[in-house]
Amino acid sequence: MLIDVVIPAAGIGKRMGATIPKQYLMLDDATIIEHTINKFTTLPFVNNIVVVLDKDDAFFSKLKFNIKKIVIAQGGKERADSVLNGLAITTTEFVLVHDAARPLVNKEDIIKLVQEASTDDGGILAVKVADTLKEGGANREIVATRPRDNLYRALTPQYFKRQLLINAYQEANKKGLILTDDASAMELSGFSPKLVLGSSLNIKITEPDDLILARMIIKAQGLN
Ligand code: C5P
């Protein structure tokens, strides 16, 4: 079975505070987005890689990839709009959606996700919450402590049947909901995506400290 991959990369990465979009910052010997894309190019079941870029993106075309299967789609206002634009030019029955900002995903986890979630419900990579969770009030005072036993952090890739995900996003759009991951759209449509445990090193690079951490992880992995 061949699978298309959608990589939303049209965000500006405001929280990173850099002068260029965060996916073009260097991580070891390549940009973040090159690391991310290269995790998928060598997987035998990957068909097209649809990279969703801001319409004024001035960086991606300067990068070099040794493969022909990269296709570009235009980004939208929110992540969900970008993903939907990317999905429009996919053609496979199942699709993987993976944030450009997660360059450290490992291939074994992607394979595990595909093996365990090729159903109508689909699935996502996730990690169990380790910290005690507090809900804060208007003045950042603790108003509640949430039991963490059944709580997970949603990572990407997220993996669904293409048409079911498109339908789910269209329904969410009609309701005017802004969703921050793909599984939320499926949940709203009545599906129960599977939580597939992945590595907690698959961090999303959001703030400057994440970049420091990512550089350390890559260095440590190189020492193995
Ligand atoms: O902002 P955040 O880190 O949650 O974004 C997750 C991913 O979605 C990033 O890879 C970002 O480039 C992408 N994105 C997008 N279009 C937007 C907003 C975010 O493709 N309008």
# chains A, B, ... in the order shown; residues from 1 in each chain; ligands from 1
call {"tool": "select_by_dssp", "arguments": {"residues": "region 43-192 of chain A", "states": "helix (DSSP H, G or I)", "output": "PDB file with N, CA and C atoms, in the first residue's frame"}}
result
ATOM      1  N   PHE A  60      11.979  27.628   0.472  1.00  0.00           N
ATOM      2  CA  PHE A  60      11.915  26.197   0.150  1.00  0.00           C
ATOM      3  C   PHE A  60      12.582  25.873  -1.185  1.00  0.00           C
ATOM      4  N   SER A  61      12.367  26.737  -2.181  1.00  0.00           N
ATOM      5  CA  SER A  61      12.882  26.436  -3.523  1.00  0.00           C
ATOM      6  C   SER A  61      14.407  26.404  -3.558  1.00  0.00           C
ATOM      7  N   LYS A  62      15.044  26.951  -2.514  1.00  0.00           N
ATOM      8  CA  LYS A  62      16.522  26.955  -2.500  1.00  0.00           C
ATOM      9  C   LYS A  62      17.083  25.649  -1.940  1.00  0.00           C
ATOM     10  N   ARG A  79      -3.579  26.150  10.524  1.00  0.00           N
ATOM     11  CA  ARG A  79      -2.999  24.846  10.180  1.00  0.00           C
ATOM     12  C   ARG A  79      -4.021  23.977   9.451  1.00  0.00           C
ATOM     13  N   ALA A  80      -5.256  23.963   9.959  1.00  0.00           N
ATOM     14  CA  ALA A  80      -6.295  23.119   9.355  1.00  0.00           C
ATOM     15  C   ALA A  80      -6.527  23.478   7.885  1.00  0.00           C
ATOM     16  N   ASP A  81      -6.485  24.771   7.560  1.00  0.00           N
ATOM     17  CA  ASP A  81      -6.670  25.189   6.159  1.00  0.00           C
ATOM     18  C   ASP A  81      -5.510  24.684   5.302  1.00  0.00           C
ATOM     19  N   SER A  82      -4.313  24.768   5.869  1.00  0.00           N
ATOM     20  CA  SER A  82      -3.138  24.291   5.129  1.00  0.00           C
ATOM     21  C   SER A  82      -3.235  22.791   4.885  1.00  0.00           C
ATOM     22  N   VAL A  83      -3.634  22.047   5.922  1.00  0.00           N
ATOM     23  CA  VAL A  83      -3.737  20.589   5.773  1.00  0.00           C
ATOM     24  C   VAL A  83      -4.780  20.244   4.709  1.00  0.00           C
ATOM     25  N   LEU A  84      -5.904  20.930   4.750  1.00  0.00           N
ATOM     26  CA  LEU A  84      -6.969  20.652   3.781  1.00  0.00           C
ATOM     27  C   LEU A  84      -6.491  20.947   2.352  1.00  0.00           C
ATOM     28  N   ASN A  85      -5.755  22.022   2.167  1.00  0.00           N
ATOM     29  CA  ASN A  85      -5.192  22.321   0.834  1.00  0.00           C
ATOM     30  C   ASN A  85      -4.242  21.220   0.380  1.00  0.00           C
ATOM     31  N   GLY A  86      -3.456  20.717   1.324  1.00  0.00           N
ATOM     32  CA  GLY A  86      -2.527  19.630   0.997  1.00  0.00           C
ATOM     33  C   GLY A  86      -3.276  18.351   0.655  1.00  0.00           C
ATOM     34  N   LEU A  87      -4.292  18.050   1.442  1.00  0.00           N
ATOM     35  CA  LEU A  87      -5.066  16.818   1.216  1.00  0.00           C
ATOM     36  C   LEU A  87      -5.693  16.810  -0.172  1.00  0.00           C
ATOM     37  N   ALA A  88      -6.055  18.024  -0.654  1.00  0.00           N
ATOM     38  CA  ALA A  88      -6.730  18.122  -1.954  1.00  0.00           C
ATOM     39  C   ALA A  88      -5.889  17.543  -3.081  1.00  0.00           C
ATOM     40  N   LYS A 107      11.635   6.719  12.219  1.00  0.00           N
ATOM     41  CA  LYS A 107      10.953   5.928  11.179  1.00  0.00           C
ATOM     42  C   LYS A 107      10.220   4.736  11.771  1.00  0.00           C
ATOM     43  N   GLU A 108      10.758   4.142  12.828  1.00  0.00           N
ATOM     44  CA  GLU A 108      10.108   2.979  13.443  1.00  0.00           C
ATOM     45  C   GLU A 108       8.719   3.361  13.952  1.00  0.00           C
ATOM     46  N   ASP A 109       8.600   4.567  14.513  1.00  0.00           N
ATOM     47  CA  ASP A 109       7.291   5.011  15.008  1.00  0.00           C
ATOM     48  C   ASP A 109       6.300   5.228  13.858  1.00  0.00           C
ATOM     49  N   ILE A 110       6.796   5.749  12.742  1.00  0.00           N
ATOM     50  CA  ILE A 110       5.906   5.964  11.585  1.00  0.00           C
ATOM     51  C   ILE A 110       5.392   4.599  11.091  1.00  0.00           C
ATOM     52  N   ILE A 111       6.295   3.639  11.029  1.00  0.00           N
ATOM     53  CA  ILE A 111       5.914   2.291  10.562  1.00  0.00           C
ATOM     54  C   ILE A 111       4.888   1.674  11.524  1.00  0.00           C
ATOM     55  N   LYS A 112       5.139   1.838  12.835  1.00  0.00           N
ATOM     56  CA  LYS A 112       4.229   1.288  13.849  1.00  0.00           C
ATOM     57  C   LYS A 112       2.828   1.904  13.707  1.00  0.00           C
ATOM     58  N   LEU A 113       2.783   3.216  13.466  1.00  0.00           N
ATOM     59  CA  LEU A 113       1.499   3.907  13.316  1.00  0.00           C
ATOM     60  C   LEU A 113       0.714   3.322  12.139  1.00  0.00           C
ATOM     61  N   VAL A 114       1.399   3.137  11.025  1.00  0.00           N
ATOM     62  CA  VAL A 114       0.734   2.603   9.828  1.00  0.00           C
ATOM     63  C   VAL A 114       0.257   1.163  10.085  1.00  0.00           C
ATOM     64  N   GLN A 115       1.090   0.395  10.780  1.00  0.00           N
ATOM     65  CA  GLN A 115       0.711  -1.004  11.056  1.00  0.00           C
ATOM     66  C   GLN A 115      -0.489  -1.096  11.989  1.00  0.00           C
ATOM     67  N   GLU A 116      -0.578  -0.185  12.949  1.00  0.00           N
ATOM     68  CA  GLU A 116      -1.603  -0.321  13.983  1.00  0.00           C
ATOM     69  C   GLU A 116      -2.882   0.470  13.716  1.00  0.00           C
ATOM     70  N   ARG A 162      -7.917   9.168   3.669  1.00  0.00           N
ATOM     71  CA  ARG A 162      -7.934  10.497   3.052  1.00  0.00           C
ATOM     72  C   ARG A 162      -9.333  11.106   3.001  1.00  0.00           C
ATOM     73  N   GLN A 163     -10.279  10.368   2.442  1.00  0.00           N
ATOM     74  CA  GLN A 163     -11.597  10.963   2.220  1.00  0.00           C
ATOM     75  C   GLN A 163     -12.318  11.230   3.544  1.00  0.00           C
ATOM     76  N   LEU A 164     -12.115  10.353   4.522  1.00  0.00           N
ATOM     77  CA  LEU A 164     -12.767  10.554   5.830  1.00  0.00           C
ATOM     78  C   LEU A 164     -12.214  11.810   6.500  1.00  0.00           C
ATOM     79  N   LEU A 165     -10.907  12.031   6.354  1.00  0.00           N
ATOM     80  CA  LEU A 165     -10.299  13.216   6.970  1.00  0.00           C
ATOM     81  C   LEU A 165     -10.765  14.495   6.268  1.00  0.00           C
ATOM     82  N   ILE A 166     -10.841  14.448   4.943  1.00  0.00           N
ATOM     83  CA  ILE A 166     -11.332  15.624   4.202  1.00  0.00           C
ATOM     84  C   ILE A 166     -12.763  15.947   4.648  1.00  0.00           C
ATOM     85  N   ASN A 167     -13.616  14.914   4.702  1.00  0.00           N
ATOM     86  CA  ASN A 167     -15.012  15.133   5.132  1.00  0.00           C
ATOM     87  C   ASN A 167     -15.058  15.739   6.529  1.00  0.00           C
ATOM     88  N   ALA A 168     -14.217  15.203   7.416  1.00  0.00           N
ATOM     89  CA  ALA A 168     -14.223  15.650   8.813  1.00  0.00           C
ATOM     90  C   ALA A 168     -13.817  17.119   8.905  1.00  0.00           C
ATOM     91  N   TYR A 169     -12.775  17.495   8.161  1.00  0.00           N
ATOM     92  CA  TYR A 169     -12.341  18.898   8.184  1.00  0.00           C
ATOM     93  C   TYR A 169     -13.410  19.815   7.593  1.00  0.00           C
ATOM     94  N   GLN A 170     -14.067  19.355   6.541  1.00  0.00           N
ATOM     95  CA  GLN A 170     -15.107  20.202   5.936  1.00  0.00           C
ATOM     96  C   GLN A 170     -16.257  20.430   6.904  1.00  0.00           C
ATOM     97  N   GLU A 171     -16.611  19.371   7.640  1.00  0.00           N
ATOM     98  CA  GLU A 171     -17.669  19.507   8.668  1.00  0.00           C
ATOM     99  C   GLU A 171     -17.250  20.504   9.738  1.00  0.00           C
ATOM    100  N   ALA A 172     -16.004  20.393  10.198  1.00  0.00           N
ATOM    101  CA  ALA A 172     -15.506  21.294  11.244  1.00  0.00           C
ATOM    102  C   ALA A 172     -15.500  22.735  10.743  1.00  0.00           C
ATOM    103  N   ASN A 173     -15.110  22.915   9.473  1.00  0.00           N
ATOM    104  CA  ASN A 173     -15.101  24.266   8.877  1.00  0.00           C
ATOM    105  C   ASN A 173     -16.484  24.882   8.875  1.00  0.00           C
ATOM    106  N   LYS A 174     -17.475  24.040   8.543  1.00  0.00           N
ATOM    107  CA  LYS A 174     -18.862  24.542   8.498  1.00  0.00           C
ATOM    108  C   LYS A 174     -19.283  25.055   9.872  1.00  0.00           C
ATOM    109  N   ASP A 182      -5.308  16.930  13.492  1.00  0.00           N
ATOM    110  CA  ASP A 182      -6.202  16.267  12.553  1.00  0.00           C
ATOM    111  C   ASP A 182      -7.168  15.334  13.270  1.00  0.00           C
ATOM    112  N   ALA A 183      -6.678  14.694  14.333  1.00  0.00           N
ATOM    113  CA  ALA A 183      -7.532  13.771  15.076  1.00  0.00           C
ATOM    114  C   ALA A 183      -8.771  14.492  15.600  1.00  0.00           C
ATOM    115  N   SER A 184      -8.640  15.764  15.999  1.00  0.00           N
ATOM    116  CA  SER A 184      -9.810  16.493  16.525  1.00  0.00           C
ATOM    117  C   SER A 184     -10.938  16.516  15.503  1.00  0.00           C
ATOM    118  N   ALA A 185     -10.582  16.688  14.228  1.00  0.00           N
ATOM    119  CA  ALA A 185     -11.616  16.718  13.190  1.00  0.00           C
ATOM    120  C   ALA A 185     -12.317  15.362  13.128  1.00  0.00           C
ATOM    121  N   MET A 186     -11.518  14.290  13.177  1.00  0.00           N
ATOM    122  CA  MET A 186     -12.096  12.938  13.127  1.00  0.00           C
ATOM    123  C   MET A 186     -12.969  12.669  14.352  1.00  0.00           C
ATOM    124  N   GLU A 187     -12.503  13.106  15.518  1.00  0.00           N
ATOM    125  CA  GLU A 187     -13.289  12.908  16.756  1.00  0.00           C
ATOM    126  C   GLU A 187     -14.647  13.589  16.624  1.00  0.00           C
ATOM    127  N   LEU A 188     -14.643  14.812  16.082  1.00  0.00           N
ATOM    128  CA  LEU A 188     -15.905  15.541  15.931  1.00  0.00           C
ATOM    129  C   LEU A 188     -16.861  14.836  14.974  1.00  0.00           C
TER     130      LEU A 188
END
call {"tool": "residues_around", "arguments": {"residues": "Phe45 (chain A)", "least_positions_apart": "2", "cutoff": "8 Å", "atoms": "only C-alpha atoms", "output": "list in words"}}
result
Met1, Leu2, Ile3, Leu43 and Asn47 of chain A
call {"tool": "select_by_dssp", "arguments": {"residues": "region 37-168 of chain A", "states": "strand (DSSP E)", "output": "VMD selection string"}}
result
chain A and resid 46 to 53 70 to 74 94 to 97 123 to 128 133 to 136 142 to 146 152 to 161
call {"tool": "closest_atom_pairs", "arguments": {"of": "chain A", "to": "ligand 1", "cutoff": "10 Å", "atoms": "only C-alpha atoms and all ligand atoms", "output": "tab-separated table"}}
result
residue	atom	partner	partner_atom_place_in_ligand_line	distance
A:Val6	CA	ligand 1	20 (O)	9.7
A:Ile7	CA	ligand 1	10 (O)	7.0
A:Pro8	CA	ligand 1	20 (O)	3.6
A:Ala9	CA	ligand 1	12 (O)	3.3
A:Ala10	CA	ligand 1	20 (O)	3.6
A:Gly11	CA	ligand 1	12 (O)	3.5
A:Ile12	CA	ligand 1	12 (O)	6.4
A:Gly13	CA	ligand 1	1 (O)	5.9
A:Lys14	CA	ligand 1	1 (O)	7.8
A:Arg15	CA	ligand 1	1 (O)	8.2
A:Met16	CA	ligand 1	3 (O)	9.4
A:Pro21	CA	ligand 1	12 (O)	8.0
A:Lys22	CA	ligand 1	12 (O)	7.9
A:Gln23	CA	ligand 1	12 (O)	7.0
A:Ile32	CA	ligand 1	10 (O)	10.0
A:Ile33	CA	ligand 1	10 (O)	8.6
A:Thr36	CA	ligand 1	10 (O)	9.8
A:Val51	CA	ligand 1	20 (O)	8.7
A:Val52	CA	ligand 1	20 (O)	5.9
A:Leu53	CA	ligand 1	20 (O)	6.6
A:Asp54	CA	ligand 1	16 (N)	7.4
A:Ala73	CA	ligand 1	20 (O)	9.9
A:Gln74	CA	ligand 1	20 (O)	8.8
A:Gly75	CA	ligand 1	16 (N)	5.5
A:Gly76	CA	ligand 1	21 (N)	5.0
A:Lys77	CA	ligand 1	21 (N)	4.3
A:Glu78	CA	ligand 1	21 (N)	3.5
A:Arg79	CA	ligand 1	17 (C)	3.7
A:Ala80	CA	ligand 1	16 (N)	7.1
A:Asp81	CA	ligand 1	21 (N)	6.7
A:Ser82	CA	ligand 1	16 (N)	4.8
A:Val83	CA	ligand 1	20 (O)	6.7
A:Leu84	CA	ligand 1	20 (O)	9.8
A:Asn85	CA	ligand 1	20 (O)	9.6
A:Gly86	CA	ligand 1	20 (O)	9.2
A:Val97	CA	ligand 1	8 (O)	9.9
A:His98	CA	ligand 1	10 (O)	7.7
A:Asp99	CA	ligand 1	10 (O)	4.1
A:Ala100	CA	ligand 1	10 (O)	3.9
A:Ala101	CA	ligand 1	10 (O)	4.4
A:Arg102	CA	ligand 1	10 (O)	7.4
A:Pro103	CA	ligand 1	10 (O)	9.8
A:Thr156	CA	ligand 1	6 (C)	9.6
A:Thr180	CA	ligand 1	4 (O)	6.6
A:Asp181	CA	ligand 1	4 (O)	8.3
A:Lys204	CA	ligand 1	3 (O)	6.8
A:Ile205	CA	ligand 1	3 (O)	7.1
A:Thr206	CA	ligand 1	3 (O)	5.7
A:Glu207	CA	ligand 1	3 (O)	9.3
call {"tool": "atom_distance", "arguments": {"atom1": "CA of His35 (chain A)", "atom2": "CA of Val105 (chain A)"}}
result
9.4 Å
call {"tool": "closest_residue", "arguments": {"among": "A:Glu141, A:Asp210, A:Glu93, A:Asp57", "to": "Ile20 (chain A)", "atoms": "only C-alpha atoms"}}
result
A:Asp57
